[in-house]
Amino acid sequence: MILIDGKKAAAELRAELKEEVAELKSKHNKVPGLTVILIGDLTPSQIYVRNKEKSANEVGLKSEVIKYPDSVEEKTVLEKIQELNSDETVSGILVQLPLPKHIDKQKVIEAIDPSKDVDGFHPMNVGNLSSGYESSIPCTPLGCYLLIKKIEPNLSGKKAVVVGRSNLNGKPMTQLLLKENCTVIITHSKTKDLKAECLGADIIVAAVGIPELVRGDWVKKDAIVIDVGINKTDKGIVGDVHFDEVSKNAKALTPVPGGVGPMTIACLLKNTIDCFKRSQI
Ligand code: NAP
């Protein structure tokens, strides 16, 4: 079984991006800039943002974090986004989710200029992805896609089962696999026989949020299994895939932690650089 090393893949991607930033700097005499807006003091959000800033600096991006207290008014955040939209030194804008209840998430997402939407959540980018046009792609599914392609460069005709249909993971993952000519089945909480669906799959991407939902006898020999889940349990952090069982059957599997997670941040940097490149055309 191939253990898909997300840490290594992310480090390789960051090294490539670092070179690309250096080339862009010598060509344009400026570097891509990423601005993250962080609202409130939720510990996981603070950790994510700190890691994003550290990785952005590592590859040579201009990086900035704007912090607001939990009590910030929605209007203040929307005005700041407008300011960043027209700031030429800002290539990518990310508002760290979740937001406090009094702030309308959709309004915030739609306020970001689609050409600077490094999360790929703006309806314009969602539409472009599903139409097969160039767009920012949500970072986690993009990371999964790059890991799958490392194992199997030609996905044409493969049967893929995506478990979970969130806007964040399942739906964009489906679009990426479809673009690669996979036959894709998207499953969710109302799916009748998830085990049977998974058993037919060459590729399984699990993005559910249920610890160890995908069992060893759900996976056919030679399947590639990507585990997006991050679940806190009594025995520590586990994924949506039962690692010990599935590793006995699958051809390749991502561990949790150390699989998809590290790729997510590296893909955020990639999206920022891609936004910059599109803005220079
Ligand atoms: P989400 O928005 O809660 O969506 C979960 C999806 O799973 C929903 O579509 C839901 O179906 C489906 N589902 C629930 N129970 C199911 C079942 N028994 N069988 C099949 N499908 C079922 O979750 P998310 O935001 O996509 O996150 C999923 C997991 O990924 C979480 O553990 C999260 O922490 C993790 N995550 C990891 C990263 C990373 O960087 N590695 C990034 C983001 C999220 P319905 O639509 O029918 O409700």
# chains A, B, ... in the order shown; residues from 1 in each chain; ligands from 1
call {"tool": "select_by_dssp", "arguments": {"residues": "region 105-240 of chain A", "states": "alpha helix (DSSP H)", "output": "NGL selection string"}}
result
:A and (105-111 or 123-131 or 139-151 or 170-179 or 194-199)
call {"tool": "closest_atom_pairs", "arguments": {"of": "chain A", "to": "ligand 1", "cutoff": "10 Å", "atoms": "only C-alpha atoms and all ligand atoms", "output": "Markdown table"}}
result
| residue | atom | partner | partner_atom_place_in_ligand_line | distance |
| --- | --- | --- | --- | --- |
| A:Tyr48 | CA | ligand 1 | 40 (O) | 9.8 |
| A:Pro138 | CA | ligand 1 | 42 (C) | 9.6 |
| A:Cys139 | CA | ligand 1 | 40 (O) | 7.9 |
| A:Thr140 | CA | ligand 1 | 40 (O) | 5.2 |
| A:Pro141 | CA | ligand 1 | 42 (C) | 8.4 |
| A:Gly143 | CA | ligand 1 | 40 (O) | 8.4 |
| A:Cys144 | CA | ligand 1 | 41 (N) | 8.9 |
| A:Val162 | CA | ligand 1 | 21 (N) | 8.9 |
| A:Val163 | CA | ligand 1 | 21 (N) | 5.4 |
| A:Gly164 | CA | ligand 1 | 7 (O) | 3.6 |
| A:Arg165 | CA | ligand 1 | 9 (O) | 3.6 |
| A:Ser166 | CA | ligand 1 | 2 (O) | 4.5 |
| A:Asn167 | CA | ligand 1 | 26 (O) | 7.1 |
| A:Leu168 | CA | ligand 1 | 26 (O) | 5.5 |
| A:Asn169 | CA | ligand 1 | 26 (O) | 4.7 |
| A:Gly170 | CA | ligand 1 | 26 (O) | 6.1 |
| A:Lys171 | CA | ligand 1 | 9 (O) | 8.7 |
| A:Ile186 | CA | ligand 1 | 21 (N) | 9.1 |
| A:Thr187 | CA | ligand 1 | 20 (C) | 5.8 |
| A:His188 | CA | ligand 1 | 21 (N) | 3.4 |
| A:Ser189 | CA | ligand 1 | 22 (C) | 3.7 |
| A:Lys190 | CA | ligand 1 | 47 (O) | 5.6 |
| A:Thr191 | CA | ligand 1 | 20 (C) | 6.4 |
| A:Lys192 | CA | ligand 1 | 19 (N) | 8.8 |
| A:Asp193 | CA | ligand 1 | 19 (N) | 8.9 |
| A:Leu194 | CA | ligand 1 | 19 (N) | 6.6 |
| A:Lys195 | CA | ligand 1 | 19 (N) | 9.4 |
| A:Ala206 | CA | ligand 1 | 29 (C) | 7.7 |
| A:Ala207 | CA | ligand 1 | 28 (C) | 4.0 |
| A:Val208 | CA | ligand 1 | 7 (O) | 3.6 |
| A:Gly209 | CA | ligand 1 | 32 (O) | 3.3 |
| A:Ile210 | CA | ligand 1 | 32 (O) | 6.6 |
| A:Pro211 | CA | ligand 1 | 32 (O) | 7.7 |
| A:Leu213 | CA | ligand 1 | 18 (N) | 7.4 |
| A:Val214 | CA | ligand 1 | 19 (N) | 9.1 |
| A:Ile226 | CA | ligand 1 | 41 (N) | 9.9 |
| A:Asp227 | CA | ligand 1 | 41 (N) | 7.7 |
| A:Val228 | CA | ligand 1 | 41 (N) | 4.6 |
| A:Gly229 | CA | ligand 1 | 32 (O) | 3.5 |
| A:Ile230 | CA | ligand 1 | 32 (O) | 4.1 |
| A:Asn231 | CA | ligand 1 | 32 (O) | 5.2 |
| A:Lys232 | CA | ligand 1 | 32 (O) | 8.8 |
| A:Ile237 | CA | ligand 1 | 32 (O) | 9.9 |
| A:Val238 | CA | ligand 1 | 32 (O) | 8.8 |
| A:Gly239 | CA | ligand 1 | 32 (O) | 6.8 |
| A:Asp240 | CA | ligand 1 | 32 (O) | 6.7 |
| A:Val256 | CA | ligand 1 | 41 (N) | 8.2 |
| A:Pro257 | CA | ligand 1 | 41 (N) | 8.2 |
| A:Gly258 | CA | ligand 1 | 41 (N) | 9.0 |
| A:Gly259 | CA | ligand 1 | 41 (N) | 7.5 |
| A:Val260 | CA | ligand 1 | 41 (N) | 4.8 |
| A:Gly261 | CA | ligand 1 | 41 (N) | 3.8 |
| A:Pro262 | CA | ligand 1 | 40 (O) | 7.1 |
| A:Met263 | CA | ligand 1 | 40 (O) | 7.3 |
| A:Thr264 | CA | ligand 1 | 40 (O) | 5.0 |
| A:Ile265 | CA | ligand 1 | 40 (O) | 7.7 |
call {"tool": "residues_around", "arguments": {"residues": "Ile203 (chain A)", "least_positions_apart": "5", "cutoff": "6 Å", "atoms": "only C-alpha atoms", "output": "short mmCIF file (atom, residue, chain, number, x, y, z; two decimals) with N, CA, C and O atoms, in the first residue's frame"}}
result
data_model
loop_
_atom_site.label_atom_id
_atom_site.label_comp_id
_atom_site.auth_asym_id
_atom_site.auth_seq_id
_atom_site.Cartn_x
_atom_site.Cartn_y
_atom_site.Cartn_z
N ALA A 160 -15.17 7.15 -9.64
CA ALA A 160 -14.85 7.84 -8.39
C ALA A 160 -16.11 8.01 -7.55
O ALA A 160 -17.18 8.34 -8.08
N ALA A 223 -7.95 0.41 -4.88
CA ALA A 223 -8.60 1.73 -4.87
C ALA A 223 -7.64 2.77 -4.28
O ALA A 223 -6.81 2.45 -3.42
N ILE A 224 -7.79 4.00 -4.77
CA ILE A 224 -7.06 5.13 -4.17
C ILE A 224 -8.05 5.79 -3.21
O ILE A 224 -9.16 6.14 -3.61
N VAL A 225 -7.64 5.95 -1.96
CA VAL A 225 -8.57 6.48 -0.95
C VAL A 225 -7.99 7.76 -0.34
O VAL A 225 -6.87 7.76 0.18
#
call {"tool": "residues_around", "arguments": {"residues": "region 86-98 of chain A", "least_positions_apart": "2", "cutoff": "9 Å", "atoms": "only C-alpha atoms", "output": "PDB file with C-alpha atoms, in the first residue's frame"}}
result
ATOM      1  CA  LYS A  30       6.592  42.723  -7.453  1.00  0.00           C
ATOM      2  CA  VAL A  31       5.340  39.626  -5.648  1.00  0.00           C
ATOM      3  CA  PRO A  32       1.823  38.214  -5.172  1.00  0.00           C
ATOM      4  CA  GLY A  33       0.150  39.359  -1.962  1.00  0.00           C
ATOM      5  CA  LEU A  34      -2.215  37.416   0.273  1.00  0.00           C
ATOM      6  CA  THR A  35      -4.431  39.199   2.796  1.00  0.00           C
ATOM      7  CA  VAL A  36      -6.296  37.165   5.408  1.00  0.00           C
ATOM      8  CA  ILE A  37      -9.099  38.632   7.496  1.00  0.00           C
ATOM      9  CA  LEU A  38      -9.460  36.955  10.884  1.00  0.00           C
ATOM     10  CA  ILE A  39     -12.495  37.733  13.025  1.00  0.00           C
ATOM     11  CA  LEU A  42     -11.398  30.961  17.959  1.00  0.00           C
ATOM     12  CA  SER A  45      -8.919  29.736  13.237  1.00  0.00           C
ATOM     13  CA  TYR A  48      -4.890  28.050  10.657  1.00  0.00           C
ATOM     14  CA  VAL A  49      -4.204  31.722   9.974  1.00  0.00           C
ATOM     15  CA  LYS A  62       3.646  39.409   0.629  1.00  0.00           C
ATOM     16  CA  SER A  63       1.382  38.401   3.455  1.00  0.00           C
ATOM     17  CA  ILE A  81     -13.002  43.912   1.538  1.00  0.00           C
ATOM     18  CA  GLN A  82     -13.896  46.708  -0.925  1.00  0.00           C
ATOM     19  CA  GLU A  83     -10.659  48.485  -0.021  1.00  0.00           C
ATOM     20  CA  LEU A  84      -8.650  45.281  -0.574  1.00  0.00           C
ATOM     21  CA  PRO A 100     -19.582  35.235  14.148  1.00  0.00           C
ATOM     22  CA  LYS A 101     -23.368  34.707  13.845  1.00  0.00           C
ATOM     23  CA  LYS A 105     -21.142  34.540   5.391  1.00  0.00           C
ATOM     24  CA  VAL A 108     -18.873  38.369   2.780  1.00  0.00           C
ATOM     25  CA  ILE A 109     -17.986  35.717   0.189  1.00  0.00           C
ATOM     26  CA  ILE A 112     -14.691  39.537  -2.526  1.00  0.00           C
ATOM     27  CA  ASP A 113     -13.654  40.315  -6.098  1.00  0.00           C
ATOM     28  CA  SER A 115     -10.434  37.468  -9.340  1.00  0.00           C
ATOM     29  CA  LYS A 116      -8.999  37.690  -5.788  1.00  0.00           C
ATOM     30  CA  ASP A 117     -11.121  34.909  -4.280  1.00  0.00           C
ATOM     31  CA  VAL A 118      -8.338  32.487  -3.270  1.00  0.00           C
ATOM     32  CA  ASP A 119     -10.800  30.187  -1.478  1.00  0.00           C
ATOM     33  CA  ASN A 271      -4.256  30.008  -5.762  1.00  0.00           C
ATOM     34  CA  THR A 272      -2.755  33.349  -4.661  1.00  0.00           C
ATOM     35  CA  ILE A 273       0.017  33.045  -7.240  1.00  0.00           C
ATOM     36  CA  ASP A 274      -2.470  32.018  -9.941  1.00  0.00           C
ATOM     37  CA  CYS A 275      -4.672  35.053  -9.129  1.00  0.00           C
ATOM     38  CA  PHE A 276      -1.593  37.288  -9.439  1.00  0.00           C
ATOM     39  CA  LYS A 277      -0.611  35.727 -12.783  1.00  0.00           C
ATOM     40  CA  SER A 279      -4.075  39.853 -13.073  1.00  0.00           C
TER      41      SER A 279
END
call {"tool": "atom_distance", "arguments": {"atom1": "CA of Asp234 (chain A)", "atom2": "CA of Ile4 (chain A)"}}
result
24.9 Å
call {"tool": "closest_residue", "arguments": {"among": "A:Ala56, A:Leu146, A:Ala196, A:Val246", "to": "Ala9 (chain A)", "atoms": "only C-alpha atoms"}}
result
A:Leu146
